[in-house]
Amino acid sequence: MDAATSTEAIAGFYTRSLDILASLRTRGVAEGETERRAPRFSITRTAELVGRTAAAIREAEKDGRLPQVERTTSGRRVGYTLAEINQMRAVFATRPWRAPADPVAVIAVQNFKGGVGKSTISTHLAQYLAIQGYRVCLIDCDSQGSSTTMFGYVPDLDIAEDETLYPFFRNAEMTSLAYAVRETHWDGLYLVPANLKLYSAEYELAARIARAERTLLNRLAEGVASIADHFDIIILDPPPALGTISLSVMRAANALLVPIPPTVVDFTSTTSFLAMLYETMGALEERGLPVDLRWMRMVATRADEQKSMQRELLGLMRNLFGTTLLRTVLKDSAEIDNASARLMTVYELEQPVTSRETYQRCLTYLNGVNAEVETLTRLTWPSHAERLRSAGVL
Ligand SMILES: Nc1ncnc2c1ncn2[C@@H]1O[C@H](COP(=O)(O)OP(=O)(O)OP(=O)(O)O)[C@@H](O)[C@H]1O
Ligand SMILES: [Mg+2]
């Protein structure tokens, strides 16, 4: 037998891999600091995000409505954090929050195929929406913990099982998911992290559901409902399989975003995903747990338009899905790869890893996709839909 196949050898690889991850994690932390630094925004960008002029912000700082901003020893402003920007939004009454009567948006980024960009979209969408000033919660429903990793955690080192969805799935007497909701270094953005233990929930739930505890598929929906009042948007990042957790995600969601890379293999599995989706929706409905979606969109991801086959498939997808396919294509970008190698998103990079041009292009695709999702979400909120219509967005 090859020595590398023994249980001890594999366990050894596992522990050494964790060490590597722990050292990669430190790349995302600025020198001299122990934790991830919250991103900072220039005065121009701040003014744009707050919806007031730079002059109005400076005025409010002078007359004491806003605190004086920190300066470097040379007198330059350090830039504003998201927390400071959100404070300005409160002072100027420009917060974009939903009205209490508007339904919370629960967006599942779902495709049963692995590696299509679900976690990449979930984390970038969550951070984009937080930058816009929404109250966001990202729930990592995948035992691989990819979204958790993008917030700088090594799931199996930094997260305990009772800090994930796991206890909530296990204990019927728990009524709130609040115990698992943690702050992040992004103001207004909260995370329910995952680690490997969540994989146990998958088969424990399956066994219990087989013993006729069918309403367990409603457990995640109950968890989401228990924290919904605190948020505008909740994003669910599911595992790449049709299991009990993915079913629970479908049941908990009220909007669905399906990432599809324009390759034949991914298109084939998306076709099976659609078949499973309508069967699953039917099965859940029969169990008295209907899936109720306010919108569903596909999004082309990891696209390389240099490849003629991909261009052709994109055209076919556009014909087939029509307006159900987002206008923006999320192209394959070295910046996304480079950011994730630092356990970060592109929104956190303080400077381009490749070139300014590649970085800007990548931000354009990301912002395009995220802005389309933002508009779809706002259209589900009566208080916002009216504003969008009168602003001529529709
Ligand atoms: N547009 C993109 N450009 C470059 N790399 C990308 C892009 N989208 C995703 N990736 C990379 O592809 C890999 C898989 O992406 P991701 O983890 O988001 O997929 P996933 O669908 O969540 O996977 P899983 O099914 O395992 O949960 C990651 O390394 C990610 O950095
Ligand atoms: Mg993932």
# chains A, B, ... in the order shown; residues from 1 in each chain; ligands from 1
$ residues_around --residues "range 57-65 of chain A" --least-positions-apart "5" --cutoff "8 Å" --atoms "only C-alpha atoms" --output "list in words"
Ala47, Arg52, Met88 and Val91 of chain A
$ residues_around --residues "range 232-241 of chain A" --least-positions-apart "5" --cutoff "6 Å" --atoms "only C-alpha atoms" --output "list in words"
Arg98, Val104, Ala105, Val106, Ile107, Ala108, Val109, Phe112, Lys113, Gly114, Arg135, Val136, Cys137, Leu138, Ile139, Asp140, Cys141, Asp142 and Ser246 of chain A
$ residues_near_ligand --ligand "ligand 1" --cutoff "8 Å" --atoms "only C-alpha atoms and all ligand atoms" --output "count of residues only"
37
$ closest_residue --among "A:Ala225, A:Leu165, A:Leu198, A:Val373" --to "Val258 in chain A" --atoms "only C-alpha atoms"
A:Val373
$ residues_around --residues "Trp97 in chain A" --least-positions-apart "4" --cutoff "12 Å" --atoms "only C-alpha atoms" --output "list in words"
Asn86, Arg89, Ala90, Ala93, Ala101, Asp102, Pro103, Val104, Ala105, Leu129, Ala130, Gln132, Gly133, Tyr134, Arg135, Val136, Gly188, Asp229, His230, Phe231, Asp232, Ile233, Glu374, Thr377, Arg378, Trp381, Ser383 and His384 of chain A
$ write_last_selection --atoms "N, CA and C atoms" --output "compact mmCIF listing (two decimals), in the first residue's frame"
# COMPACT_ATOMS: atom_id res chain seq x y z
N ASN A 86 -22.25 55.36 7.44
CA ASN A 86 -23.61 55.05 7.90
C ASN A 86 -24.11 56.06 8.92
N ARG A 89 -25.30 58.89 6.91
CA ARG A 89 -26.63 58.58 6.32
C ARG A 89 -27.73 58.80 7.35
N ALA A 90 -27.42 58.46 8.61
CA ALA A 90 -28.41 58.67 9.67
C ALA A 90 -28.66 60.18 9.85
N ALA A 93 -30.47 61.62 6.83
CA ALA A 93 -31.68 60.86 6.48
C ALA A 93 -31.62 60.28 5.07
N ALA A 101 -42.93 47.62 6.75
CA ALA A 101 -43.96 46.81 6.09
C ALA A 101 -43.43 46.11 4.83
N ASP A 102 -42.27 46.54 4.33
CA ASP A 102 -41.70 45.88 3.14
C ASP A 102 -41.13 44.53 3.57
N PRO A 103 -41.30 43.49 2.73
CA PRO A 103 -40.79 42.17 3.14
C PRO A 103 -39.26 42.11 3.10
N VAL A 104 -38.65 41.43 4.07
CA VAL A 104 -37.21 41.24 4.04
C VAL A 104 -36.89 40.41 2.77
N ALA A 105 -35.79 40.72 2.10
CA ALA A 105 -35.40 39.94 0.92
C ALA A 105 -34.52 38.79 1.38
N LEU A 129 -23.94 45.42 -1.03
CA LEU A 129 -25.17 45.94 -0.42
C LEU A 129 -24.87 46.66 0.89
N ALA A 130 -23.88 46.15 1.64
CA ALA A 130 -23.48 46.83 2.88
C ALA A 130 -22.90 48.21 2.56
N GLN A 132 -23.75 50.04 0.13
CA GLN A 132 -24.87 50.93 -0.21
C GLN A 132 -25.67 51.35 1.02
N GLY A 133 -25.40 50.70 2.17
CA GLY A 133 -26.06 51.12 3.42
C GLY A 133 -27.18 50.22 3.90
N TYR A 134 -27.37 49.07 3.23
CA TYR A 134 -28.42 48.16 3.69
C TYR A 134 -27.93 47.37 4.89
N ARG A 135 -28.88 46.83 5.66
CA ARG A 135 -28.55 45.94 6.78
C ARG A 135 -28.61 44.51 6.23
N VAL A 136 -27.45 43.88 6.19
CA VAL A 136 -27.31 42.62 5.46
C VAL A 136 -26.83 41.49 6.37
N GLY A 188 -22.77 47.04 9.38
CA GLY A 188 -24.07 46.70 8.81
C GLY A 188 -24.13 45.34 8.15
N ASP A 229 -36.26 40.84 11.26
CA ASP A 229 -36.58 42.23 11.61
C ASP A 229 -35.36 43.14 11.59
N HIS A 230 -34.18 42.56 11.83
CA HIS A 230 -32.97 43.38 11.93
C HIS A 230 -32.32 43.67 10.58
N PHE A 231 -32.85 43.06 9.51
CA PHE A 231 -32.15 43.15 8.22
C PHE A 231 -33.06 43.60 7.09
N ASP A 232 -32.39 44.13 6.05
CA ASP A 232 -33.10 44.43 4.80
C ASP A 232 -32.98 43.23 3.87
N ILE A 233 -31.78 42.65 3.85
CA ILE A 233 -31.49 41.58 2.90
C ILE A 233 -30.72 40.46 3.59
N GLU A 374 -29.81 44.61 -6.67
CA GLU A 374 -30.33 45.64 -5.76
C GLU A 374 -31.67 46.18 -6.29
N THR A 377 -34.47 43.75 -5.92
CA THR A 377 -34.87 43.67 -4.51
C THR A 377 -35.74 44.86 -4.14
N ARG A 378 -35.30 46.05 -4.55
CA ARG A 378 -36.07 47.25 -4.18
C ARG A 378 -37.47 47.23 -4.79
N TRP A 381 -40.07 45.91 -2.59
CA TRP A 381 -40.42 46.73 -1.42
C TRP A 381 -41.35 47.86 -1.86
N SER A 383 -42.40 50.52 -0.60
CA SER A 383 -41.96 51.89 -0.31
C SER A 383 -40.86 52.34 -1.28
N HIS A 384 -40.06 51.40 -1.78
CA HIS A 384 -38.99 51.73 -2.72
C HIS A 384 -39.48 51.71 -4.17
$ atom_distance --atom1 "CA of Leu343 in chain A" --atom2 "CA of Thr148 in chain A"
9.2 Å
$ residues_around --residues "Ala300 in chain A" --least-positions-apart "2" --cutoff "6 Å" --atoms "only C-alpha atoms" --output "MDAnalysis selection string"
chainID A and resid 259:261 329
$ write_last_selection --atoms "C-alpha atoms" --output "short mmCIF file (atom, residue, chain, number, x, y, z; two decimals), in the first residue's frame"
data_model
loop_
_atom_site.label_atom_id
_atom_site.label_comp_id
_atom_site.auth_asym_id
_atom_site.auth_seq_id
_atom_site.Cartn_x
_atom_site.Cartn_y
_atom_site.Cartn_z
CA PRO A 259 -24.94 31.43 -11.44
CA ILE A 260 -24.15 29.62 -14.71
CA PRO A 261 -20.72 29.58 -16.38
CA VAL A 329 -21.97 39.03 -17.41
#
$ closest_residue --among "A:Ala38, A:Ala172, A:Ala11, A:Met298" --to "Gln110 in chain A" --atoms "only C-alpha atoms"
A:Met298
$ residues_around --residues "Tyr128 in chain A" --least-positions-apart "5" --cutoff "8 Å" --atoms "only C-alpha atoms" --output "PyMOL selection string"
chain A and resi 347+367+370
$ write_last_selection --atoms "C-alpha atoms" --output "PDB file, in the first residue's frame"
ATOM      1  CA  TYR A 347     -14.104  45.108  -2.591  1.00  0.00           C
ATOM      2  CA  ASN A 367     -21.049  46.336  -9.480  1.00  0.00           C
ATOM      3  CA  ASN A 370     -24.950  43.590  -7.791  1.00  0.00           C
TER       4      ASN A 370
END
$ select_by_dssp --residues "range 30-98 of chain A" --states "strand (DSSP E)" --output "MDAnalysis selection string"
chainID A and resid 40:41 80:81
$ write_last_selection --atoms "C-alpha atoms" --output "PDB file, in the first residue's frame"
ATOM      1  CA  ARG A  40     -12.033  53.154   3.885  1.00  0.00           C
ATOM      2  CA  PHE A  41     -13.561  55.502   1.330  1.00  0.00           C
ATOM      3  CA  TYR A  80     -14.059  57.353   6.012  1.00  0.00           C
ATOM      4  CA  THR A  81     -15.039  53.934   7.278  1.00  0.00           C
TER       5      THR A  81
END
$ closest_residue --among "A:Leu66, A:Ala371, A:Ala178, A:Ala9" --to "Phe92 in chain A" --atoms "only C-alpha atoms"
A:Leu66
$ closest_residue --among "A:Thr280, A:Ala221, A:Tyr199, A:Gly145" --to "ligand 2" --atoms "only C-alpha atoms and all ligand atoms"
A:Gly145
$ residues_around --residues "His185 in chain A" --least-positions-apart "3" --cutoff "12 Å" --atoms "only C-alpha atoms" --output "mmCIF file with N, CA and C atoms, in the first residue's frame"
data_model
loop_
_atom_site.group_PDB
_atom_site.id
_atom_site.type_symbol
_atom_site.label_atom_id
_atom_site.label_comp_id
_atom_site.auth_asym_id
_atom_site.auth_seq_id
_atom_site.Cartn_x
_atom_site.Cartn_y
_atom_site.Cartn_z
ATOM 1 N N VAL A 29 -4.401 40.760 6.649
ATOM 2 C CA VAL A 29 -4.362 41.672 7.795
ATOM 3 C C VAL A 29 -3.197 42.645 7.604
ATOM 4 N N GLU A 35 -6.347 42.395 13.423
ATOM 5 C CA GLU A 35 -7.608 42.010 12.798
ATOM 6 C C GLU A 35 -7.748 42.645 11.429
ATOM 7 N N ARG A 36 -8.707 42.121 10.669
ATOM 8 C CA ARG A 36 -9.016 42.714 9.381
ATOM 9 C C ARG A 36 -9.409 44.168 9.539
ATOM 10 N N ARG A 37 -8.909 45.016 8.664
ATOM 11 C CA ARG A 37 -9.245 46.416 8.758
ATOM 12 C C ARG A 37 -10.500 46.699 7.931
ATOM 13 N N ALA A 38 -11.389 47.530 8.477
ATOM 14 C CA ALA A 38 -12.574 47.902 7.719
ATOM 15 C C ALA A 38 -12.130 48.746 6.532
ATOM 16 N N PRO A 39 -12.757 48.579 5.362
ATOM 17 C CA PRO A 39 -12.352 49.377 4.208
ATOM 18 C C PRO A 39 -12.622 50.869 4.430
ATOM 19 N N ARG A 40 -11.838 51.702 3.767
ATOM 20 C CA ARG A 40 -12.033 53.154 3.885
ATOM 21 C C ARG A 40 -12.366 53.760 2.524
ATOM 22 N N THR A 81 -14.651 55.347 7.203
ATOM 23 C CA THR A 81 -15.039 53.934 7.278
ATOM 24 C C THR A 81 -16.532 53.838 6.944
ATOM 25 N N LEU A 82 -16.975 52.618 6.709
ATOM 26 C CA LEU A 82 -18.396 52.420 6.420
ATOM 27 C C LEU A 82 -19.243 52.822 7.626
ATOM 28 N N ALA A 83 -18.716 52.591 8.828
ATOM 29 C CA ALA A 83 -19.458 52.977 10.037
ATOM 30 C C ALA A 83 -19.671 54.495 10.045
ATOM 31 N N GLN A 127 -21.276 42.372 0.443
ATOM 32 C CA GLN A 127 -20.447 43.550 0.738
ATOM 33 C C GLN A 127 -20.891 44.766 -0.080
ATOM 34 N N ALA A 130 -23.877 46.148 1.640
ATOM 35 C CA ALA A 130 -23.483 46.829 2.882
ATOM 36 C C ALA A 130 -22.904 48.206 2.562
ATOM 37 N N ILE A 131 -22.121 48.296 1.493
ATOM 38 C CA ILE A 131 -21.553 49.598 1.100
ATOM 39 C C ILE A 131 -22.685 50.578 0.763
ATOM 40 N N MET A 150 -13.892 33.835 3.154
ATOM 41 C CA MET A 150 -13.701 35.145 2.525
ATOM 42 C C MET A 150 -13.791 36.288 3.531
ATOM 43 N N PHE A 151 -14.262 35.988 4.752
ATOM 44 C CA PHE A 151 -14.261 37.011 5.802
ATOM 45 C C PHE A 151 -13.032 36.865 6.688
ATOM 46 N N GLY A 152 -12.070 36.059 6.212
ATOM 47 C CA GLY A 152 -10.800 35.969 6.925
ATOM 48 C C GLY A 152 -10.729 34.868 7.964
ATOM 49 N N TYR A 153 -11.725 33.979 7.999
ATOM 50 C CA TYR A 153 -11.681 32.881 8.959
ATOM 51 C C TYR A 153 -11.194 31.605 8.286
ATOM 52 N N ARG A 182 -22.918 36.995 13.722
ATOM 53 C CA ARG A 182 -21.786 37.763 14.247
ATOM 54 C C ARG A 182 -21.487 38.990 13.385
ATOM 55 N N GLY A 188 -22.770 47.041 9.384
ATOM 56 C CA GLY A 188 -24.073 46.705 8.812
ATOM 57 C C GLY A 188 -24.128 45.343 8.148
ATOM 58 N N LEU A 189 -22.978 44.662 8.066
ATOM 59 C CA LEU A 189 -22.961 43.329 7.445
ATOM 60 C C LEU A 189 -22.636 42.277 8.506
ATOM 61 N N TYR A 190 -23.544 41.325 8.651
ATOM 62 C CA TYR A 190 -23.394 40.268 9.658
ATOM 63 C C TYR A 190 -23.244 38.922 8.956
ATOM 64 N N LEU A 191 -22.628 37.992 9.671
ATOM 65 C CA LEU A 191 -22.345 36.681 9.076
ATOM 66 C C LEU A 191 -22.771 35.560 10.022
ATOM 67 N N MET A 344 -10.023 37.190 0.743
ATOM 68 C CA MET A 344 -10.671 38.504 0.663
ATOM 69 C C MET A 344 -11.554 38.582 -0.570
ATOM 70 N N GLU A 348 -12.361 44.520 -1.011
ATOM 71 C CA GLU A 348 -11.437 44.808 0.089
ATOM 72 C C GLU A 348 -10.040 45.154 -0.358
#
